>>> print(open('run32.pdb').read())   # PDB, C-alpha atoms, pLDDT in the B column
ATOM      1  CA  MET K 210     -26.198  -4.375   2.533  1.00 94.00           C
ATOM      2  CA  LYS K 211     -23.740  -4.784   5.390  1.00 97.00           C
ATOM      3  CA  ALA K 212     -19.936  -4.549   5.462  1.00 98.00           C
ATOM      4  CA  LEU K 213     -17.303  -5.542   8.020  1.00 98.00           C
ATOM      5  CA  ILE K 214     -14.155  -3.384   8.015  1.00 98.00           C
ATOM      6  CA  THR K 215     -11.176  -4.257  10.193  1.00 98.00           C
ATOM      7  CA  GLY K 216      -8.772  -1.524  11.260  1.00 97.00           C
ATOM      8  CA  ALA K 217     -11.451   1.114  10.769  1.00 97.00           C
ATOM      9  CA  THR K 218     -10.431   3.744  13.317  1.00 95.00           C
ATOM     10  CA  SER K 219      -8.210   5.764  10.962  1.00 92.00           C
ATOM     11  CA  GLY K 220      -6.717   6.022   7.499  1.00 94.00           C
ATOM     12  CA  LEU K 221      -7.951   3.802   4.703  1.00 96.00           C
ATOM     13  CA  GLY K 222     -10.408   1.835   6.858  1.00 97.00           C
ATOM     14  CA  LYS K 223     -12.053   4.980   8.182  1.00 97.00           C
ATOM     15  CA  ALA K 224     -12.267   6.479   4.686  1.00 97.00           C
ATOM     16  CA  MET K 225     -13.875   3.308   3.341  1.00 98.00           C
ATOM     17  CA  ALA K 226     -16.394   3.349   6.188  1.00 98.00           C
ATOM     18  CA  GLU K 227     -17.340   6.947   5.396  1.00 98.00           C
ATOM     19  CA  ILE K 228     -17.764   6.219   1.682  1.00 98.00           C
ATOM     20  CA  LEU K 229     -19.836   3.078   2.213  1.00 98.00           C
ATOM     21  CA  SER K 230     -22.023   4.776   4.823  1.00 98.00           C
ATOM     22  CA  LYS K 231     -22.811   7.572   2.349  1.00 97.00           C
ATOM     23  CA  LYS K 232     -23.864   4.880  -0.118  1.00 97.00           C
ATOM     24  CA  GLY K 233     -26.296   3.424   2.428  1.00 97.00           C
ATOM     25  CA  TRP K 234     -24.299   0.476   3.738  1.00 98.00           C
ATOM     26  CA  GLU K 235     -24.720  -0.690   7.313  1.00 98.00           C
ATOM     27  CA  LEU K 236     -21.338  -1.266   8.922  1.00 98.00           C
ATOM     28  CA  ILE K 237     -19.511  -3.344  11.495  1.00 98.00           C
ATOM     29  CA  LEU K 238     -16.255  -1.595  12.335  1.00 98.00           C
ATOM     30  CA  THR K 239     -13.344  -2.983  14.318  1.00 98.00           C
ATOM     31  CA  GLY K 240     -10.202  -1.509  15.821  1.00 97.00           C
ATOM     32  CA  ARG K 241      -8.161  -1.439  19.016  1.00 96.00           C
ATOM     33  CA  ASN K 242      -9.271   2.066  20.038  1.00 96.00           C
ATOM     34  CA  SER K 243     -12.819   1.934  21.387  1.00 96.00           C
ATOM     35  CA  GLU K 244     -13.076   5.728  21.748  1.00 96.00           C
ATOM     36  CA  ALA K 245     -12.073   6.282  18.120  1.00 96.00           C
ATOM     37  CA  LEU K 246     -14.643   3.691  17.053  1.00 97.00           C
ATOM     38  CA  LYS K 247     -17.379   5.477  19.017  1.00 96.00           C
ATOM     39  CA  GLU K 248     -16.458   8.824  17.486  1.00 96.00           C
ATOM     40  CA  LEU K 249     -16.564   7.348  13.992  1.00 97.00           C
ATOM     41  CA  GLN K 250     -19.881   5.648  14.756  1.00 97.00           C
ATOM     42  CA  LYS K 251     -21.399   9.009  15.742  1.00 96.00           C
ATOM     43  CA  SER K 252     -20.239  10.656  12.516  1.00 96.00           C
ATOM     44  CA  LEU K 253     -21.782   8.113  10.139  1.00 97.00           C
ATOM     45  CA  LYS K 254     -25.333   8.204   8.821  1.00 90.00           C
ATOM     46  CA  THR K 255     -26.207   4.503   8.618  1.00 97.00           C
ATOM     47  CA  ASN K 256     -26.470   1.847  11.327  1.00 96.00           C
ATOM     48  CA  VAL K 257     -23.000   1.132  12.688  1.00 97.00           C
ATOM     49  CA  TYR K 258     -22.006  -1.648  15.092  1.00 96.00           C
ATOM     50  CA  THR K 259     -18.529  -1.438  16.625  1.00 97.00           C
ATOM     51  CA  VAL K 260     -16.284  -4.192  17.984  1.00 97.00           C
ATOM     52  CA  THR K 261     -13.118  -3.345  19.905  1.00 97.00           C
ATOM     53  CA  CYS K 262     -10.741  -6.021  18.694  1.00 95.00           C
ATOM     54  CA  ASP K 263      -6.972  -6.597  18.725  1.00 97.00           C
ATOM     55  CA  LEU K 264      -6.222  -8.888  15.786  1.00 98.00           C
ATOM     56  CA  SER K 265      -2.635  -9.448  16.888  1.00 98.00           C
ATOM     57  CA  LYS K 266      -4.295 -12.173  18.991  1.00 98.00           C
ATOM     58  CA  PRO K 267      -5.660 -14.682  16.436  1.00 97.00           C
ATOM     59  CA  GLN K 268      -8.331 -15.951  18.833  1.00 98.00           C
ATOM     60  CA  ASN K 269      -9.971 -12.537  18.462  1.00 98.00           C
ATOM     61  CA  ALA K 270     -10.467 -13.190  14.739  1.00 98.00           C
ATOM     62  CA  TYR K 271     -12.598 -16.210  15.635  1.00 98.00           C
ATOM     63  CA  LYS K 272     -14.510 -14.165  18.222  1.00 97.00           C
ATOM     64  CA  LEU K 273     -15.109 -11.406  15.670  1.00 98.00           C
ATOM     65  CA  TYR K 274     -16.461 -13.918  13.168  1.00 98.00           C
ATOM     66  CA  LYS K 275     -18.883 -15.341  15.732  1.00 96.00           C
ATOM     67  CA  VAL K 276     -20.161 -11.848  16.529  1.00 94.00           C
ATOM     68  CA  CYS K 277     -20.629 -11.039  12.838  1.00 94.00           C
ATOM     69  CA  ARG K 278     -22.314 -14.253  11.725  1.00 88.00           C
ATOM     70  CA  LYS K 279     -25.709 -13.085  12.958  1.00 85.00           C
ATOM     71  CA  HIS K 280     -25.383  -9.865  10.952  1.00 88.00           C
ATOM     72  CA  SER K 281     -25.350 -11.489   7.480  1.00 91.00           C
ATOM     73  CA  ILE K 282     -22.244  -9.782   6.091  1.00 97.00           C
ATOM     74  CA  ASP K 283     -22.162  -8.969   2.356  1.00 97.00           C
ATOM     75  CA  LEU K 284     -18.698  -7.409   2.205  1.00 98.00           C
ATOM     76  CA  LEU K 285     -15.522  -8.174   4.174  1.00 98.00           C
ATOM     77  CA  ILE K 286     -12.691  -5.635   4.034  1.00 98.00           C
ATOM     78  CA  ASN K 287      -9.525  -6.969   5.654  1.00 98.00           C
ATOM     79  CA  ASN K 288      -7.824  -3.633   6.223  1.00 98.00           C
ATOM     80  CA  ALA K 289      -6.063  -4.022   9.592  1.00 97.00           C
ATOM     81  CA  GLY K 290      -2.292  -4.126   9.259  1.00 96.00           C
ATOM     82  CA  PHE K 291       0.979  -2.480  10.202  1.00 95.00           C
ATOM     83  CA  GLY K 292       4.731  -2.615   9.553  1.00 95.00           C
ATOM     84  CA  VAL K 293       7.945  -2.838  11.576  1.00 95.00           C
ATOM     85  CA  PHE K 294      10.902  -0.858  10.208  1.00 94.00           C
ATOM     86  CA  GLY K 295      14.588  -1.646  10.642  1.00 93.00           C
ATOM     87  CA  TYR K 296      17.275  -4.232  10.027  1.00 93.00           C
ATOM     88  CA  PHE K 297      15.812  -7.701  10.575  1.00 95.00           C
ATOM     89  CA  GLY K 298      18.499  -8.598  13.122  1.00 97.00           C
ATOM     90  CA  GLU K 299      17.654  -5.549  15.221  1.00 96.00           C
ATOM     91  CA  THR K 300      13.857  -5.251  15.155  1.00 96.00           C
ATOM     92  CA  SER K 301      11.586  -6.482  17.952  1.00 97.00           C
ATOM     93  CA  LEU K 302      10.560 -10.112  17.550  1.00 98.00           C
ATOM     94  CA  LYS K 303       7.361  -9.539  19.538  1.00 98.00           C
ATOM     95  CA  SER K 304       6.369  -6.609  17.308  1.00 97.00           C
ATOM     96  CA  GLU K 305       7.025  -8.690  14.199  1.00 98.00           C
ATOM     97  CA  LEU K 306       5.012 -11.643  15.474  1.00 98.00           C
ATOM     98  CA  ASP K 307       2.145  -9.283  16.320  1.00 98.00           C
ATOM     99  CA  MET K 308       2.439  -7.895  12.781  1.00 98.00           C
ATOM    100  CA  ILE K 309       2.348 -11.380  11.252  1.00 98.00           C
ATOM    101  CA  ASN K 310      -0.744 -12.210  13.306  1.00 98.00           C
ATOM    102  CA  VAL K 311      -2.530  -9.070  12.120  1.00 98.00           C
ATOM    103  CA  ASN K 312      -1.325  -8.991   8.495  1.00 98.00           C
ATOM    104  CA  ILE K 313      -1.460 -12.731   7.821  1.00 98.00           C
ATOM    105  CA  THR K 314      -2.997 -14.989  10.469  1.00 98.00           C
ATOM    106  CA  SER K 315      -6.130 -13.032  11.346  1.00 98.00           C
ATOM    107  CA  LEU K 316      -6.657 -12.022   7.716  1.00 98.00           C
ATOM    108  CA  HIS K 317      -6.393 -15.690   6.705  1.00 98.00           C
ATOM    109  CA  ILE K 318      -8.872 -16.764   9.383  1.00 98.00           C
ATOM    110  CA  LEU K 319     -11.456 -14.112   8.503  1.00 98.00           C
ATOM    111  CA  THR K 320     -11.063 -14.682   4.755  1.00 98.00           C
ATOM    112  CA  LYS K 321     -11.618 -18.422   5.096  1.00 98.00           C
ATOM    113  CA  LEU K 322     -14.545 -18.283   7.519  1.00 98.00           C
ATOM    114  CA  PHE K 323     -16.462 -15.591   5.653  1.00 98.00           C
ATOM    115  CA  LEU K 324     -15.649 -17.108   2.259  1.00 98.00           C
ATOM    116  CA  ARG K 325     -17.271 -20.364   3.366  1.00 98.00           C
ATOM    117  CA  ASP K 326     -20.443 -18.470   4.291  1.00 97.00           C
ATOM    118  CA  PHE K 327     -20.388 -16.485   1.056  1.00 98.00           C
ATOM    119  CA  LEU K 328     -20.018 -19.662  -1.007  1.00 98.00           C
ATOM    120  CA  ARG K 329     -22.966 -21.279   0.781  1.00 97.00           C
ATOM    121  CA  HIS K 330     -25.140 -18.301  -0.134  1.00 96.00           C
ATOM    122  CA  ASN K 331     -23.548 -17.784  -3.576  1.00 98.00           C
ATOM    123  CA  ARG K 332     -22.994 -14.090  -2.881  1.00 97.00           C
ATOM    124  CA  GLY K 333     -20.538 -11.837  -1.094  1.00 98.00           C
ATOM    125  CA  ARG K 334     -17.346  -9.926  -1.698  1.00 98.00           C
ATOM    126  CA  ILE K 335     -13.927  -9.765  -0.026  1.00 98.00           C
ATOM    127  CA  ILE K 336     -11.406  -6.952  -0.368  1.00 98.00           C
ATOM    128  CA  ASN K 337      -7.994  -7.772   1.078  1.00 98.00           C
ATOM    129  CA  ILE K 338      -5.733  -4.781   1.617  1.00 98.00           C
ATOM    130  CA  ALA K 339      -2.189  -5.647   0.584  1.00 97.00           C
ATOM    131  CA  SER K 340       0.363  -3.212  -0.866  1.00 95.00           C
ATOM    132  CA  GLY K 341       2.597  -2.626  -3.848  1.00 91.00           C
ATOM    133  CA  ALA K 342       5.126  -4.160  -1.447  1.00 90.00           C
ATOM    134  CA  GLY K 343       3.318  -7.443  -2.033  1.00 93.00           C
ATOM    135  CA  PHE K 344       5.190  -7.896  -5.316  1.00 92.00           C
ATOM    136  CA  MET K 345       8.684  -7.195  -3.994  1.00 88.00           C
ATOM    137  CA  THR K 346      11.372  -8.030  -1.451  1.00 88.00           C
ATOM    138  CA  GLY K 347      11.628  -5.302   1.185  1.00 88.00           C
ATOM    139  CA  PRO K 348      14.901  -4.904   3.066  1.00 90.00           C
ATOM    140  CA  LYS K 349      14.402  -2.872   6.284  1.00 92.00           C
ATOM    141  CA  LEU K 350      10.663  -3.655   6.092  1.00 93.00           C
ATOM    142  CA  SER K 351      11.300  -7.340   5.482  1.00 94.00           C
ATOM    143  CA  GLY K 352       8.483  -8.831   7.523  1.00 97.00           C
ATOM    144  CA  TYR K 353       5.954  -6.307   6.259  1.00 96.00           C
ATOM    145  CA  TYR K 354       6.822  -6.905   2.590  1.00 96.00           C
ATOM    146  CA  ALA K 355       6.756 -10.666   3.160  1.00 97.00           C
ATOM    147  CA  SER K 356       3.350 -10.450   4.822  1.00 98.00           C
ATOM    148  CA  LYS K 357       1.895  -8.473   1.927  1.00 98.00           C
ATOM    149  CA  ASN K 358       3.333 -10.981  -0.560  1.00 97.00           C
ATOM    150  CA  TYR K 359       1.308 -13.572   1.343  1.00 98.00           C
ATOM    151  CA  VAL K 360      -1.870 -11.496   1.074  1.00 98.00           C
ATOM    152  CA  VAL K 361      -1.398 -10.978  -2.675  1.00 98.00           C
ATOM    153  CA  ARG K 362      -0.722 -14.655  -3.425  1.00 98.00           C
ATOM    154  CA  LEU K 363      -3.512 -15.922  -1.180  1.00 98.00           C
ATOM    155  CA  SER K 364      -6.037 -13.568  -2.773  1.00 98.00           C
ATOM    156  CA  LEU K 365      -4.964 -14.445  -6.340  1.00 98.00           C
ATOM    157  CA  ALA K 366      -5.219 -18.164  -5.613  1.00 98.00           C
ATOM    158  CA  ILE K 367      -8.705 -17.754  -4.148  1.00 98.00           C
ATOM    159  CA  ALA K 368      -9.758 -15.630  -7.136  1.00 98.00           C
ATOM    160  CA  GLU K 369      -8.724 -18.416  -9.511  1.00 98.00           C
ATOM    161  CA  GLU K 370     -10.605 -20.994  -7.462  1.00 98.00           C
ATOM    162  CA  LEU K 371     -13.738 -18.833  -7.520  1.00 98.00           C
ATOM    163  CA  LYS K 372     -13.587 -18.677 -11.330  1.00 97.00           C
ATOM    164  CA  HIS K 373     -13.575 -22.465 -11.539  1.00 97.00           C
ATOM    165  CA  LEU K 374     -16.398 -22.753  -9.013  1.00 98.00           C
ATOM    166  CA  LYS K 375     -18.490 -20.406 -11.209  1.00 97.00           C
ATOM    167  CA  THR K 376     -19.789 -18.603  -8.138  1.00 98.00           C
ATOM    168  CA  ASN K 377     -21.058 -15.074  -7.667  1.00 98.00           C
ATOM    169  CA  VAL K 378     -18.601 -14.590  -4.793  1.00 98.00           C
ATOM    170  CA  LYS K 379     -15.783 -12.150  -5.635  1.00 98.00           C
ATOM    171  CA  ILE K 380     -12.404 -11.289  -4.137  1.00 98.00           C
ATOM    172  CA  SER K 381     -10.103  -8.340  -4.824  1.00 98.00           C
ATOM    173  CA  VAL K 382      -6.683  -7.403  -3.497  1.00 98.00           C
ATOM    174  CA  PHE K 383      -5.782  -3.713  -3.181  1.00 98.00           C
ATOM    175  CA  CYS K 384      -2.085  -2.946  -3.666  1.00 96.00           C
ATOM    176  CA  PRO K 385      -1.408   0.754  -3.061  1.00 94.00           C
ATOM    177  CA  GLY K 386       1.768   2.722  -2.515  1.00 88.00           C
ATOM    178  CA  PRO K 387       2.156   5.185   0.382  1.00 85.00           C
ATOM    179  CA  ILE K 388      -1.120   6.373   1.935  1.00 85.00           C
ATOM    180  CA  ASP K 389      -1.517   9.259   4.369  1.00 76.00           C
ATOM    181  CA  THR K 390      -2.387   7.101   7.399  1.00 62.00           C
ATOM    182  CA  LYS K 391      -0.955   6.204  10.818  1.00 59.00           C
ATOM    183  CA  PHE K 392       1.141   3.446   9.194  1.00 56.00           C
ATOM    184  CA  ASN K 393       4.278   5.621   9.320  1.00 54.00           C
ATOM    185  CA  GLU K 394       3.707   6.438  12.982  1.00 54.00           C
ATOM    186  CA  ARG K 395       3.350   2.793  14.016  1.00 54.00           C
ATOM    187  CA  ALA K 396       6.245   1.643  11.807  1.00 51.00           C
ATOM    188  CA  GLY K 397       8.384   4.378  13.360  1.00 52.00           C
ATOM    189  CA  VAL K 398       9.436   6.144  10.157  1.00 54.00           C
ATOM    190  CA  SER K 399       8.719   9.201   8.029  1.00 53.00           C
ATOM    191  CA  PHE K 400       8.415   8.285   4.364  1.00 53.00           C
ATOM    192  CA  SER K 401      10.249  10.376   1.782  1.00 52.00           C
ATOM    193  CA  ILE K 402       7.590   9.950  -0.924  1.00 62.00           C
ATOM    194  CA  LYS K 403       4.493  12.116  -0.534  1.00 71.00           C
ATOM    195  CA  PRO K 404       1.554   9.783   0.170  1.00 76.00           C
ATOM    196  CA  LYS K 405      -1.861   9.893  -1.461  1.00 85.00           C
ATOM    197  CA  SER K 406      -4.866  10.738   0.695  1.00 92.00           C
ATOM    198  CA  ALA K 407      -6.773   7.893   2.327  1.00 94.00           C
ATOM    199  CA  GLU K 408      -9.983   9.263   0.802  1.00 96.00           C
ATOM    200  CA  TYR K 409      -8.611   9.036  -2.752  1.00 95.00           C
ATOM    201  CA  MET K 410      -7.272   5.524  -2.205  1.00 96.00           C
ATOM    202  CA  ALA K 411     -10.486   4.302  -0.576  1.00 97.00           C
ATOM    203  CA  GLU K 412     -12.652   5.636  -3.407  1.00 97.00           C
ATOM    204  CA  TYR K 413     -10.358   4.061  -6.005  1.00 97.00           C
ATOM    205  CA  ALA K 414     -10.242   0.692  -4.258  1.00 98.00           C
ATOM    206  CA  LEU K 415     -14.003   0.432  -3.800  1.00 98.00           C
ATOM    207  CA  GLU K 416     -14.788   1.558  -7.346  1.00 98.00           C
ATOM    208  CA  LYS K 417     -12.463  -1.041  -8.877  1.00 98.00           C
ATOM    209  CA  ALA K 418     -13.540  -3.813  -6.501  1.00 98.00           C
ATOM    210  CA  PHE K 419     -17.217  -3.304  -7.335  1.00 98.00           C
ATOM    211  CA  SER K 420     -16.217  -3.438 -10.992  1.00 98.00           C
ATOM    212  CA  ASN K 421     -14.933  -6.960 -10.220  1.00 98.00           C
ATOM    213  CA  LYS K 422     -11.263  -6.121 -10.742  1.00 98.00           C
ATOM    214  CA  THR K 423      -9.110  -8.675  -8.951  1.00 98.00           C
ATOM    215  CA  VAL K 424      -5.755  -6.874  -8.595  1.00 98.00           C
ATOM    216  CA  ILE K 425      -6.173  -3.170  -7.872  1.00 98.00           C
ATOM    217  CA  ILE K 426      -3.075  -0.979  -8.203  1.00 96.00           C
ATOM    218  CA  PRO K 427      -3.641   2.787  -7.982  1.00 92.00           C
ATOM    219  CA  THR K 428      -1.427   5.567  -9.416  1.00 85.00           C
ATOM    220  CA  PHE K 429       0.777   5.436 -12.478  1.00 82.00           C
ATOM    221  CA  THR K 430       3.937   5.369 -10.352  1.00 82.00           C
ATOM    222  CA  MET K 431       2.830   2.275  -8.447  1.00 80.00           C
ATOM    223  CA  LYS K 432       1.736   0.489 -11.625  1.00 84.00           C
ATOM    224  CA  ILE K 433       5.165   1.119 -13.164  1.00 82.00           C
ATOM    225  CA  GLY K 434       6.933   0.019  -9.987  1.00 79.00           C
ATOM    226  CA  VAL K 435       5.046  -3.264  -9.831  1.00 78.00           C
ATOM    227  CA  ALA K 436       5.558  -3.898 -13.555  1.00 80.00           C
ATOM    228  CA  LEU K 437       9.312  -3.303 -13.295  1.00 76.00           C
ATOM    229  CA  SER K 438       9.566  -5.574 -10.251  1.00 73.00           C
ATOM    230  CA  LYS K 439       8.219  -8.389 -12.415  1.00 75.00           C
ATOM    231  CA  ILE K 440      10.576  -7.687 -15.317  1.00 75.00           C
ATOM    232  CA  PHE K 441      13.894  -7.179 -13.546  1.00 68.00           C
ATOM    233  CA  PRO K 442      15.684  -9.908 -11.543  1.00 69.00           C
ATOM    234  CA  GLU K 443      15.753  -9.876  -7.763  1.00 70.00           C
ATOM    235  CA  LYS K 444      19.434  -8.901  -7.645  1.00 72.00           C
ATOM    236  CA  ILE K 445      18.438  -5.574  -9.229  1.00 73.00           C
ATOM    237  CA  VAL K 446      15.094  -4.989  -7.508  1.00 68.00           C
ATOM    238  CA  ALA K 447      16.231  -5.674  -3.915  1.00 71.00           C
ATOM    239  CA  PRO K 448      19.044  -3.061  -3.910  1.00 67.00           C
ATOM    240  CA  VAL K 449      16.672  -0.472  -5.383  1.00 72.00           C
ATOM    241  CA  VAL K 450      14.115  -1.136  -2.640  1.00 71.00           C
ATOM    242  CA  PHE K 451      16.884  -0.968  -0.027  1.00 74.00           C
ATOM    243  CA  HIS K 452      17.922   2.448  -1.377  1.00 67.00           C
ATOM    244  CA  ILE K 453      14.308   3.669  -1.146  1.00 71.00           C
ATOM    245  CA  GLN K 454      13.976   2.366   2.412  1.00 72.00           C
ATOM    246  CA  ASN K 455      17.233   4.033   3.413  1.00 69.00           C
ATOM    247  CA  LYS K 456      15.778   7.408   2.422  1.00 68.00           C
ATOM    248  CA  LYS K 457      13.125   7.042   5.121  1.00 63.00           C
ATOM    249  CA  SER K 458      13.977   8.897   8.287  1.00 55.00           C
ATOM    250  CA  VAL K 459      13.576   7.097  11.596  1.00 50.00           C
ATOM    251  CA  ARG K 460      11.211   8.788  14.076  1.00 45.00           C
ATOM    252  CA  LYS K 461      12.707   9.560  17.488  1.00 38.00           C
TER     253      LYS K 461
END
>>> encode(input="run32.pdb", output="structure tokens")
Amino acid sequence: MKALITGATSGLGKAMAEILSKKGWELILTGRNSEALKELQKSLKTNVYTVTCDLSKPQNAYKLYKVCRKHSIDLLINNAGFGVFGYFGETSLKSELDMINVNITSLHILTKLFLRDFLRHNRGRIINIASGAGFMTGPKLSGYYASKNYVVRLSLAIAEELKHLKTNVKISVFCPGPIDTKFNERAGVSFSIKPKSAEYMAEYALEKAFSNKTVIIPTFTMKIGVALSKIFPEKIVAPVVFHIQNKKSVRK
């Protein structure tokens, strides 16, 4: 069995790689930091192939797919992603476009290309990493929340299509709350809510995905938050999210 994990150099992606390697999976790991990839490769027990890849450039998603085709991938984990914090009128347009390319465009490309292969072989699994943010509007993380809404809706639509196709191919979307990763560092903020460990979240996500659960929401707090976001109107939810975002301190 062989898995491709994007954004594998730290956090959730790294934790998933470690768990899958212990279970005997061969891995293809991607990230922007080639040294971090090499260090992770050395620490794992199974065969690991690394690809230094910046998915903020969509052409690299196509290149990654071409590299991986010969490896007969069984599991795709679209984990790469980041956020940009601040008022929409003040944040960097370049940073936001890079974020959209990573969180949406490259994820879309890889999901479609690998899904086509999986359907041809009537086997395979995709895990798209979204967020609890994918069910809400997110002032001061507007682009990030919007991108994760895209990931949630895309994954749910594909899941419904797969049911009607009566295929063995499966897709899950993981929608966590705060995780102890480098997300805060890249977004430029310190979150006020204590995050869960990447190891806990990775174990939870993989367990539920292999149980064929489509929407995976860990922790009681996140489940309640998502449920309430569906019950209450936007004019109530958006100000609450804004208040939560305002409690985040900006890194200097």
>>> atom_distance(input="run32.pdb", atom1="CA of His373 in chain K", atom2="CA of Asn331 in chain K")
13.6 Å
>>> residues_around(input="run32.pdb", residues="Asn310 in chain K", least_positions_apart="6", cutoff="7 Å", atoms="only C-alpha atoms", output="list in words")
Leu264, Ser265, Lys266 and Pro267 of chain K
>>> axis_aligned_box(input="run32.pdb", around="range 368-375 of chain K", padding_each_side="5 Å", output="AutoDock Vina command-line options")
--center_x -13.6 --center_y -19.2 --center_z -9.3 --size_x 19.8 --size_y 17.1 --size_z 14.4
>>> closest_residue(input="run32.pdb", among="K:Arg362, K:Ala411, K:Lys303, K:Thr423", to="Ala217 in chain K", atoms="all atoms listed in the file")
K:Ala411
>>> resolve_selection(input="run32.pdb", expression="the PyMOL selection byres ((chain K and resi 322) around 10)", output="list in words")
Ala270, Tyr271, Tyr274, Lys275, Arg278, His317, Ile318, Leu319, Thr320, Lys321, Phe323, Leu324, Arg325, Asp326 and Phe327 of chain K
>>> closest_residue(input="run32.pdb", among="K:Lys444, K:Lys231, K:Lys439, K:Arg334", to="Asn421 in chain K", atoms="all atoms listed in the file")
K:Arg334
>>> closest_residue(input="run32.pdb", among="K:Tyr296, K:Tyr258, K:Tyr354, K:Tyr413", to="Ile426 in chain K", atoms="only C-alpha atoms")
K:Tyr413
>>> atom_distance(input="run32.pdb", atom1="CA of Thr239 in chain K", atom2="CA of Lys223 in chain K")
10.1 Å
>>> residues_around(input="run32.pdb", residues="Asp283 in chain K", least_positions_apart="4", cutoff="8 Å", atoms="all atoms listed in the file", output="ChimeraX atom specification")
/K:210-212,327,332-334
>>> closest_residue(input="run32.pdb", among="K:Leu213, K:Leu273, K:Ile237, K:Ile433", to="Asn256 in chain K", atoms="all atoms listed in the file")
K:Ile237
>>> residues_around(input="run32.pdb", residues="Leu328 in chain K", least_positions_apart="6", cutoff="10 Å", atoms="only C-alpha atoms", output="ChimeraX atom specification")
/K:371,374,376-379
>>> write_last_selection(input="run32.pdb", atoms="C-alpha atoms", output="compact mmCIF listing (two decimals), in the frame of the given file")
# COMPACT_ATOMS: atom_id res chain seq x y z
CA LEU K 371 -13.74 -18.83 -7.52
CA LEU K 374 -16.40 -22.75 -9.01
CA THR K 376 -19.79 -18.60 -8.14
CA ASN K 377 -21.06 -15.07 -7.67
CA VAL K 378 -18.60 -14.59 -4.79
CA LYS K 379 -15.78 -12.15 -5.64
>>> closest_residue(input="run32.pdb", among="K:Asn288, K:Ser281, K:Ser252, K:Ser351", to="His330 in chain K", atoms="all atoms listed in the file")
K:Ser281
>>> closest_residue(input="run32.pdb", among="K:Lys405, K:Lys372, K:Lys432, K:Arg329", to="Phe344 in chain K", atoms="only C-alpha atoms")
K:Lys432
>>> resolve_selection(input="run32.pdb", expression="the PyMOL selection byres ((chain K and resi 417) around 12)", output="mmCIF file with C-alpha atoms, keeping the file's coordinate frame")
data_model
loop_
_atom_site.group_PDB
_atom_site.id
_atom_site.type_symbol
_atom_site.label_atom_id
_atom_site.label_comp_id
_atom_site.auth_asym_id
_atom_site.auth_seq_id
_atom_site.Cartn_x
_atom_site.Cartn_y
_atom_site.Cartn_z
ATOM 1 C CA ILE K 336 -11.406 -6.952 -0.368
ATOM 2 C CA ILE K 380 -12.404 -11.289 -4.137
ATOM 3 C CA SER K 381 -10.103 -8.340 -4.824
ATOM 4 C CA VAL K 382 -6.683 -7.403 -3.497
ATOM 5 C CA PHE K 383 -5.782 -3.713 -3.181
ATOM 6 C CA CYS K 384 -2.085 -2.946 -3.666
ATOM 7 C CA MET K 410 -7.272 5.524 -2.205
ATOM 8 C CA ALA K 411 -10.486 4.302 -0.576
ATOM 9 C CA GLU K 412 -12.652 5.636 -3.407
ATOM 10 C CA TYR K 413 -10.358 4.061 -6.005
ATOM 11 C CA ALA K 414 -10.242 0.692 -4.258
ATOM 12 C CA LEU K 415 -14.003 0.432 -3.800
ATOM 13 C CA GLU K 416 -14.788 1.558 -7.346
ATOM 14 C CA ALA K 418 -13.540 -3.813 -6.501
ATOM 15 C CA PHE K 419 -17.217 -3.304 -7.335
ATOM 16 C CA SER K 420 -16.217 -3.438 -10.992
ATOM 17 C CA ASN K 421 -14.933 -6.960 -10.220
ATOM 18 C CA LYS K 422 -11.263 -6.121 -10.742
ATOM 19 C CA THR K 423 -9.110 -8.675 -8.951
ATOM 20 C CA VAL K 424 -5.755 -6.874 -8.595
ATOM 21 C CA ILE K 425 -6.173 -3.170 -7.872
ATOM 22 C CA ILE K 426 -3.075 -0.979 -8.203
ATOM 23 C CA PRO K 427 -3.641 2.787 -7.982
#
>>> residues_around(input="run32.pdb", residues="Ala289 in chain K", least_positions_apart="3", cutoff="9 Å", atoms="all atoms listed in the file", output="number ranges by chain")
K: 214-217, 222, 239-240, 264, 286, 311-312, 316, 338
>>> resolve_selection(input="run32.pdb", expression="the PyMOL selection byres ((chain K and resi 389) around 6)", output="PyMOL selection string")
chain K and resi 388+390+404-407
>>> residues_around(input="run32.pdb", residues="Phe297 in chain K", least_positions_apart="3", cutoff="9 Å", atoms="only C-alpha atoms", output="list in words")
Phe294, Thr300, Ser301, Pro348, Lys349, Leu350, Ser351 and Gly352 of chain K
>>> atom_distance(input="run32.pdb", atom1="CA of Val260 in chain K", atom2="CA of His280 in chain K")
12.8 Å
